[in-house]
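Below is one structure, written out as structure tokens; the observations come after it.
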Amino acid sequence: MVHGAEERIANAVSGWTGVVVAPHRFGGTEFKLGRREIGHVHGDYQADIAFPMQVREQLVAQKKAQPHHILPKSGWITFRFREEGDIDRAIELFKLSYDLAREKEGASPA
């Protein structure tokens with residue numbers, strides 16, 4: 001757990017064009033681009049972020065994330081916050097998910 005992680009991530013991600021921030025149905029804060037959820041944060045201890053399966057497999061193979069803690073065979077990853085630097089790493093993962101979602105919508109990455 002890293003104190004302030006959820007707030008710092010929410011402040012960063014909410015500033016990206018088109019992102020809507022809302023409470024997540026299982027607790028925490030979710031981030032959506034249009035109808036697509038790019039991911040959510042559960043307090044100051046972990047983020048769950050959506051990716052295409054091929055990207056998810058690369059992230060897991062590179063040890064940049066773990067398979068989702070409940071849906072391990074999906075495109076979702078789980079990223080746990082263990083140290084201060086993990087906040088920036090989580091924001092980078094959210095940005096990758098965001099850019100991929102924008103590309104899928106036909107917009108250029110921000």
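By order in the structure tokens, chains are A, B, ...; within a chain, residues start at 1; ligands start at 1, following the order shown.
Around region 37-42 of chain A, within 7 Å and counting only C-alpha atoms, the residues found are Glu6, His24, Gly27, Gly28, Thr29, Glu30, Phe31, Lys32, Ala47, Asp48, Ile49, Ala50, Ser97 and Tyr98 of chain A, once anything fewer than 5 positions away on its own chain is removed.
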* Taking the DSSP assignment computed from this structure's backbone, write out as a ChimeraX atom specification all residues of chain A that belong to helix (DSSP H, G or I). => /A:5-13,53-61,85-104
Those same residues, written as a short mmCIF file (atom, residue, chain, number, x, y, z; two decimals), in the first residue's frame with N, CA and C atoms?
```cif
data_model
loop_
_atom_site.label_atom_id
_atom_site.label_comp_id
_atom_site.auth_asym_id
_atom_site.auth_seq_id
_atom_site.Cartn_x
_atom_site.Cartn_y
_atom_site.Cartn_z
N ALA A 5 -1.84 7.06 -3.27
CA ALA A 5 -1.76 6.54 -4.64
C ALA A 5 -3.04 6.81 -5.43
N GLU A 6 -4.19 6.48 -4.85
CA GLU A 6 -5.45 6.66 -5.58
C GLU A 6 -5.66 8.13 -5.97
N GLU A 7 -5.40 9.03 -5.06
CA GLU A 7 -5.60 10.45 -5.34
C GLU A 7 -4.65 10.94 -6.43
N ARG A 8 -3.39 10.56 -6.35
CA ARG A 8 -2.42 11.00 -7.36
C ARG A 8 -2.74 10.44 -8.74
N ILE A 9 -3.15 9.18 -8.78
CA ILE A 9 -3.50 8.57 -10.07
C ILE A 9 -4.76 9.25 -10.62
N ALA A 10 -5.75 9.45 -9.78
CA ALA A 10 -6.99 10.11 -10.23
C ALA A 10 -6.71 11.51 -10.75
N ASN A 11 -5.85 12.25 -10.08
CA ASN A 11 -5.51 13.60 -10.53
C ASN A 11 -4.85 13.57 -11.90
N ALA A 12 -3.98 12.61 -12.14
CA ALA A 12 -3.29 12.52 -13.43
C ALA A 12 -4.25 12.09 -14.54
N VAL A 13 -4.95 10.98 -14.32
CA VAL A 13 -5.78 10.39 -15.38
C VAL A 13 -6.98 11.28 -15.70
N MET A 53 -5.63 -8.41 -25.32
CA MET A 53 -4.96 -9.59 -24.78
C MET A 53 -3.47 -9.64 -25.15
N GLN A 54 -3.12 -9.28 -26.36
CA GLN A 54 -1.72 -9.33 -26.78
C GLN A 54 -0.86 -8.37 -25.94
N VAL A 55 -1.37 -7.19 -25.67
CA VAL A 55 -0.64 -6.21 -24.84
C VAL A 55 -0.55 -6.72 -23.41
N ARG A 56 -1.65 -7.24 -22.91
CA ARG A 56 -1.66 -7.78 -21.55
C ARG A 56 -0.60 -8.88 -21.40
N GLU A 57 -0.51 -9.76 -22.39
CA GLU A 57 0.47 -10.85 -22.33
C GLU A 57 1.90 -10.30 -22.32
N GLN A 58 2.15 -9.25 -23.09
CA GLN A 58 3.48 -8.64 -23.10
C GLN A 58 3.81 -8.02 -21.74
N LEU A 59 2.86 -7.31 -21.16
CA LEU A 59 3.08 -6.66 -19.86
C LEU A 59 3.37 -7.69 -18.78
N VAL A 60 2.64 -8.79 -18.80
CA VAL A 60 2.86 -9.84 -17.80
C VAL A 60 4.21 -10.51 -18.05
N ALA A 61 4.55 -10.80 -19.30
CA ALA A 61 5.84 -11.43 -19.62
C ALA A 61 7.01 -10.54 -19.21
N GLY A 85 7.44 4.73 -6.26
CA GLY A 85 7.61 4.73 -7.71
C GLY A 85 6.53 3.98 -8.46
N ASP A 86 5.80 3.12 -7.76
CA ASP A 86 4.72 2.37 -8.40
C ASP A 86 3.58 3.28 -8.85
N ILE A 87 3.44 4.42 -8.23
CA ILE A 87 2.38 5.35 -8.65
C ILE A 87 2.64 5.82 -10.08
N ASP A 88 3.86 6.25 -10.35
CA ASP A 88 4.20 6.69 -11.72
C ASP A 88 4.10 5.54 -12.71
N ARG A 89 4.51 4.33 -12.29
CA ARG A 89 4.40 3.17 -13.18
C ARG A 89 2.93 2.86 -13.48
N ALA A 90 2.06 3.01 -12.49
CA ALA A 90 0.63 2.78 -12.71
C ALA A 90 0.07 3.82 -13.67
N ILE A 91 0.47 5.07 -13.51
CA ILE A 91 0.00 6.13 -14.42
C ILE A 91 0.44 5.82 -15.85
N GLU A 92 1.66 5.31 -16.02
CA GLU A 92 2.14 4.93 -17.36
C GLU A 92 1.27 3.82 -17.95
N LEU A 93 0.87 2.85 -17.13
CA LEU A 93 0.01 1.78 -17.61
C LEU A 93 -1.38 2.32 -17.98
N PHE A 94 -1.92 3.20 -17.16
CA PHE A 94 -3.20 3.83 -17.50
C PHE A 94 -3.08 4.60 -18.81
N LYS A 95 -1.96 5.29 -19.02
CA LYS A 95 -1.77 6.08 -20.24
C LYS A 95 -1.71 5.16 -21.46
N LEU A 96 -1.06 4.02 -21.33
CA LEU A 96 -1.03 3.07 -22.43
C LEU A 96 -2.44 2.58 -22.75
N SER A 97 -3.21 2.24 -21.74
CA SER A 97 -4.59 1.79 -21.96
C SER A 97 -5.42 2.90 -22.61
N TYR A 98 -5.24 4.11 -22.12
CA TYR A 98 -5.95 5.28 -22.66
C TYR A 98 -5.60 5.49 -24.14
N ASP A 99 -4.30 5.48 -24.46
CA ASP A 99 -3.89 5.69 -25.85
C ASP A 99 -4.44 4.60 -26.77
N LEU A 100 -4.43 3.37 -26.32
CA LEU A 100 -4.99 2.27 -27.12
C LEU A 100 -6.49 2.45 -27.32
N ALA A 101 -7.19 2.89 -26.28
CA ALA A 101 -8.64 3.13 -26.39
C ALA A 101 -8.92 4.26 -27.36
N ARG A 102 -8.12 5.31 -27.31
CA ARG A 102 -8.31 6.44 -28.25
C ARG A 102 -8.06 5.98 -29.68
N GLU A 103 -7.05 5.18 -29.89
CA GLU A 103 -6.78 4.65 -31.23
C GLU A 103 -7.96 3.83 -31.73
N LYS A 104 -8.52 3.02 -30.86
CA LYS A 104 -9.65 2.18 -31.25
C LYS A 104 -10.86 3.03 -31.62
#
```
Near-Met1 (chain A) list (7 Å; only C-alpha atoms; drop same-chain fewer than 5 positions) as a compact mmCIF listing (two decimals) with N, CA and C atoms, in the first residue's frame:
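Written file, result-v2.txt:
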```txt
# COMPACT_ATOMS: atom_id res chain seq x y z
N ASP A 44 -5.44 2.75 -2.10
CA ASP A 44 -4.01 3.01 -2.24
C ASP A 44 -3.21 1.72 -2.40
N TYR A 45 -3.89 0.63 -2.85
CA TYR A 45 -3.16 -0.63 -2.90
C TYR A 45 -3.09 -1.30 -4.27
N PHE A 81 0.48 -1.57 -5.65
CA PHE A 81 1.37 -0.48 -5.23
C PHE A 81 2.15 -0.94 -4.00
N ARG A 82 3.46 -1.02 -4.16
CA ARG A 82 4.32 -1.47 -3.06
C ARG A 82 5.31 -0.40 -2.62
```
* To do: Could you check how far CA of Pro67 (chain A) sits from CA of Gln46 (chain A), in Å to one decimal?
  => 12.5 Å
* Residue with smallest distance to Gly34 (chain A) - pool A:Lys63, A:Glu105, A:Glu84, A:Val2, counting only C-alpha atoms -> A:Glu105
* To do: Tell me, in Å to one decimal, how far CA of Arg36 (chain A) is from CA of Val20 (chain A).
  => 10.1 Å
* Asked: Leaving out Val19 (chain A) and any residue of its chain fewer than 2 positions from it, which residues lie within 6 Å of it when counting only C-alpha atoms, given as a ChimeraX atom specification?
  -> /A:14,16-17,32-33
What would the file look like if the residues just selected were written as a JSON list (two decimals), in the first residue's frame with N, CA and C atoms?
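Output file part.json is given in full below:
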```
[["chain", "number", "residue", "atom", "x", "y", "z"],
["A", 14, "SER", "N", -7.53, 11.96, -14.72],
["A", 14, "SER", "CA", -8.70, 12.81, -14.96],
["A", 14, "SER", "C", -8.39, 14.00, -15.85],
["A", 16, "TRP", "N", -6.76, 13.85, -18.69],
["A", 16, "TRP", "CA", -6.64, 13.45, -20.08],
["A", 16, "TRP", "C", -7.96, 13.68, -20.82],
["A", 17, "THR", "N", -7.88, 14.12, -22.05],
["A", 17, "THR", "CA", -9.04, 14.46, -22.86],
["A", 17, "THR", "C", -10.05, 13.31, -22.90],
["A", 32, "LYS", "N", -13.17, 6.18, -17.38],
["A", 32, "LYS", "CA", -13.79, 5.74, -18.63],
["A", 32, "LYS", "C", -13.46, 6.73, -19.73],
["A", 33, "LEU", "N", -13.34, 6.21, -20.93],
["A", 33, "LEU", "CA", -13.22, 7.01, -22.14],
["A", 33, "LEU", "C", -14.40, 6.61, -23.00]]
```
